[in-house]
Structure formats: structure tokens, C-alpha cells
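Chemist: Starting off with a structure, shown below.
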Amino acid sequence: MSCPACGAAAPRIHTEQLHELRALETFRKNGDRGGEADSLNGLGNIAKTRGDLAEAERLYRESLAIFREIGDRGGEANSLIGLGLIADLRGDLAEAERLHRESLAIKRDIGDRDGESSSLNGLGLIAETRGDLAEAERLYRESLAICREIGDRGGEAPILGNLGNLAQTRRDFEEGERYLLEAKSVYQEVGDIAGVCRQLSNLGISAQKRGDLAKAERLQRESLATAREIGYRVLEAHCLVELGNIHADKGEMDERHRCYTEAVQIKREVGTPIEQWFIDNGY
């Protein structure tokens, strides 16, 4: 489960950000509004990965306004997808669904199959969060079929991961792990270190559910280390919660408290929802 490429993750993301910032400066200097909006959207994606949801939302909204101004419907839908993911991360499912449905309608109208797949995946996440697992699976499978039809390997990976998590929820651990390993492999193939990092954590959850606490802790710590290296704060908080759960299973309550405290602090800083249990227990 080791991830040799993860050591280069932070420099790579920093390089991507510098590239987008330089491109943004050039587009603005040349009066290229479409290029400016594309760069703003790319910077929003980077901010989202780092867990700076307020900055990501600002960048997506700025790109959305420009795309609408110049009549770029595909770009408009891309910004709506980004805003939908931010709303989902913040726990505003009604707003997330509205944004994803608006983006889906545009993508279908203009025949953008790749974008249609992204919107369907986003709607699947919302259905899963609401507990409608059958609808979530339907949306994920429709999204995956489109990605495979058009040969979008990078688009396949998050959907495979979502199907893996869904199988875990249904306690089909064997199928869940198969999907998660396939997702991790695709993320490695396309060089998406943040995606690899997420799947390591998901595989850690699978190991914990199977009772292999040593493996679970190793995977969560590997994911946590990479999340910290690349500044992926949303995932950092997630890994800390999962490590706290592992410590609880091992009877190490002081370590559990330390992990939960750090996780909740990060959640407050980045603006993601804090589960009621943490609030009720004074975190």
C-alpha cells in the first residue's frame, strides 16, 4: 500500500498553483476573459483540495460570473459543479443538489458527456449522504458508464472510490475493497496524489471494519502524512477522526481525545460540518 510518488505531492501542487497564477496574470494582461475564468476555476479546484473552502467558493463564483458574461455554458457548468461540491462539503445538501442539477442540465444540453458524468457523480454523493443507497448506486453506475464510454480514466477513479465506500456501508467488504483498490490504482496511473491519499484512508476504514487495527492505523497514518504534506486539510481532519476511532477500539482513550480535538479544530478552521456527537461531548 505504499505510495512512492507521494513525496513529490506538495511540490507538484505548488507548481500547479504557480502555473495557474501565471496563466491568470497573462490572460488578464491580454484581455482573455475565457482564459481568465478557466484559471480561476483551476485555482478554485486547488483551494478546495487544500481545504480552503471560502477561497475556493470565491474563485468559483468569480469564474462563474465571467463564464456567464461571455456566454460560455460549458465553463458555467464547471463552476457550478465546483460550487456544488463546496456546498456538499459544508453539509448544505439542498444547495448542492440544486447546483449539480443545474450543471447537469447544461452539460446534457451542450452534449458534454464528461461534464454530465461529473454532475451525476455529485448527485450520487448527495443521495448517499441522505441514505438513499439505491439511488446513489444508480447515479454512480450511470456516471461510470459514461467515463468508460469516452475513455476518461481520471473521471473513473472517484466514482470507483464512491462505489467502494457504498459497498462498505452495505458491509460488503470484499466488493468494497476491490473497488477501492481499483480506484487507488487509477489515481496512481493518472498522477492524482490527493486521490491516492483518499483511497488509502478508505482502505484503512475497511481494515478497521474487518478488525485489522494494525493495518487500519498504518493506512490512516500514511494518508494523514500525505494530506499534511499537500495541505489537504479536509482529509487531514477525516484521517484524525478515523485514527481516533481506531484508538478507541484499542482502549487508548487519551489518544482518541487528542485526535478528535485536533480534527474538530481543523473542521472549524476550514468550515466543514462538525458532527453532533463532537459538539455534545465538548469538542
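So you can find residues: chains in the C-alpha cells are A, B, ... in the order shown, residues in each start at 1, and ligands are numbered from 1 in order.
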Pick out the residues sitting within 8 Å of segment 114-129 of chain A, and hand them over as a ChimeraX atom specification; count only C-alpha atoms, and ignore anything fewer than 3 positions along from it in its own chain.
Modeler: /A:77-78,81,84-85,88,93,96-97,100-101,103-104,107-108,132-133,135-140,142-144,146-147,150,152,155,159,162,166
Chemist: Keeping only N, CA and C atoms, write the selected residues to a file as a CSV table (one decimal), in the first residue's frame.
Modeler:
chain,number,residue,atom,x,y,z
A,77,ALA,N,-21.1,25.6,-16.3
A,77,ALA,CA,-21.5,24.3,-15.7
A,77,ALA,C,-20.3,23.8,-14.8
A,78,ASN,N,-19.1,24.0,-15.3
A,78,ASN,CA,-17.9,23.6,-14.5
A,78,ASN,C,-17.8,24.3,-13.2
A,81,ILE,N,-20.5,23.0,-10.8
A,81,ILE,CA,-20.1,21.7,-10.2
A,81,ILE,C,-19.2,21.9,-9.0
A,84,GLY,N,-21.2,23.2,-6.2
A,84,GLY,CA,-21.9,22.1,-5.7
A,84,GLY,C,-21.1,21.2,-4.7
A,85,LEU,N,-19.9,21.0,-5.1
A,85,LEU,CA,-19.0,20.2,-4.2
A,85,LEU,C,-18.7,20.9,-2.9
A,88,ASP,N,-21.7,20.6,-0.7
A,88,ASP,CA,-21.8,19.3,-0.2
A,88,ASP,C,-20.8,19.1,1.0
A,93,LEU,N,-27.0,20.2,1.7
A,93,LEU,CA,-27.3,19.2,0.6
A,93,LEU,C,-28.3,19.8,-0.4
A,96,ALA,N,-26.4,22.0,-2.7
A,96,ALA,CA,-25.5,21.1,-3.5
A,96,ALA,C,-26.3,20.5,-4.6
A,97,GLU,N,-27.5,20.0,-4.3
A,97,GLU,CA,-28.3,19.3,-5.3
A,97,GLU,C,-28.8,20.3,-6.4
A,100,HIS,N,-25.8,21.0,-8.7
A,100,HIS,CA,-25.5,19.8,-9.5
A,100,HIS,C,-26.5,19.6,-10.6
A,101,ARG,N,-27.8,19.8,-10.2
A,101,ARG,CA,-28.9,19.6,-11.2
A,101,ARG,C,-28.8,20.7,-12.3
A,103,SER,N,-26.0,22.2,-13.3
A,103,SER,CA,-24.9,21.9,-14.1
A,103,SER,C,-25.2,20.7,-15.0
A,104,LEU,N,-25.9,19.7,-14.5
A,104,LEU,CA,-26.3,18.5,-15.3
A,104,LEU,C,-27.1,18.9,-16.5
A,107,LYS,N,-24.8,20.6,-19.1
A,107,LYS,CA,-23.9,19.6,-19.7
A,107,LYS,C,-24.7,18.7,-20.7
A,108,ARG,N,-25.9,18.3,-20.4
A,108,ARG,CA,-26.7,17.5,-21.3
A,108,ARG,C,-27.1,18.3,-22.5
A,132,ASP,N,-30.0,7.3,0.7
A,132,ASP,CA,-30.7,6.6,-0.4
A,132,ASP,C,-29.6,5.9,-1.2
A,133,LEU,N,-29.2,4.7,-0.7
A,133,LEU,CA,-28.1,4.0,-1.3
A,133,LEU,C,-28.4,3.4,-2.7
A,135,GLU,N,-30.4,4.8,-5.0
A,135,GLU,CA,-30.3,5.9,-5.9
A,135,GLU,C,-28.8,6.4,-6.1
A,136,ALA,N,-28.1,6.3,-5.0
A,136,ALA,CA,-26.6,6.7,-5.2
A,136,ALA,C,-25.9,5.7,-6.1
A,137,GLU,N,-26.2,4.4,-5.9
A,137,GLU,CA,-25.5,3.4,-6.8
A,137,GLU,C,-26.0,3.6,-8.2
A,138,ARG,N,-27.2,3.9,-8.5
A,138,ARG,CA,-27.7,4.1,-9.9
A,138,ARG,C,-27.0,5.3,-10.5
A,139,LEU,N,-26.8,6.4,-9.8
A,139,LEU,CA,-26.2,7.6,-10.3
A,139,LEU,C,-24.7,7.3,-10.5
A,140,TYR,N,-24.0,6.6,-9.6
A,140,TYR,CA,-22.6,6.3,-9.7
A,140,TYR,C,-22.4,5.4,-11.0
A,142,GLU,N,-24.3,5.1,-13.6
A,142,GLU,CA,-24.5,5.9,-14.9
A,142,GLU,C,-23.3,6.8,-15.2
A,143,SER,N,-22.8,7.4,-14.1
A,143,SER,CA,-21.6,8.2,-14.3
A,143,SER,C,-20.4,7.4,-14.8
A,144,LEU,N,-20.2,6.2,-14.2
A,144,LEU,CA,-19.0,5.4,-14.5
A,144,LEU,C,-19.1,4.9,-16.0
A,146,ILE,N,-20.5,6.4,-18.5
A,146,ILE,CA,-20.1,7.5,-19.4
A,146,ILE,C,-18.6,7.6,-19.4
A,147,CYS,N,-18.0,7.6,-18.3
A,147,CYS,CA,-16.5,7.7,-18.3
A,147,CYS,C,-15.8,6.6,-19.1
A,150,ILE,N,-16.3,7.2,-22.9
A,150,ILE,CA,-15.5,8.2,-23.5
A,150,ILE,C,-14.0,8.1,-23.2
A,152,ASP,N,-12.4,8.2,-20.2
A,152,ASP,CA,-11.9,9.2,-19.2
A,152,ASP,C,-11.5,8.4,-17.9
A,155,GLY,N,-11.7,10.4,-14.6
A,155,GLY,CA,-13.0,10.5,-14.2
A,155,GLY,C,-13.6,9.3,-13.5
A,159,ILE,N,-15.4,7.8,-9.0
A,159,ILE,CA,-16.6,7.0,-9.0
A,159,ILE,C,-16.4,5.6,-8.4
A,162,ASN,N,-16.2,5.9,-4.8
A,162,ASN,CA,-17.6,6.1,-4.2
A,162,ASN,C,-18.3,4.8,-4.2
A,166,LEU,N,-19.7,2.9,-0.9
A,166,LEU,CA,-21.1,2.4,-0.8
A,166,LEU,C,-21.1,0.9,-0.4
Chemist: Would you list the contacts of segment 184-197 of chain A as a PyMOL selection string, taking every protein, DNA or RNA residue within 9 Å and counting only C-alpha atoms, but skipping same-chain residues closer than 2 positions in sequence?
Modeler: chain A and resi 3+5-6+8-9+49+153-154+156-158+160-161+179-182+199-202+222-224+226-227+230+232+235
Chemist: Give me, please, the distance in Å between atom CA of Ser79 of chain A and atom CA of Arg61 of chain A, quoted to one decimal.
Modeler: 7.2 Å
Chemist: Between A:Ala248, A:Ile66, A:Ala56, A:Val270, which is the closest to Gly35 of chain A once you count only C-alpha atoms?
Modeler: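 Distance minimum relative to Gly35 of chain A lands on A:Ile66.
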Chemist: Take atom CA of Phe173 of chain A and atom CA of Gly244 of chain A and report the distance between them in Å, one decimal.
Modeler: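 Separation between atom CA of Phe173 of chain A and atom CA of Gly244 of chain A: 21.3 Å.
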Chemist: I need the residue nearest Asp38 of chain A from this list: A:Leu53, A:Ile106, A:Leu21, A:Cys259. Use only C-alpha atoms for the distance.
Modeler: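 Of all the options, A:Leu21 lies closest to Asp38 of chain A.
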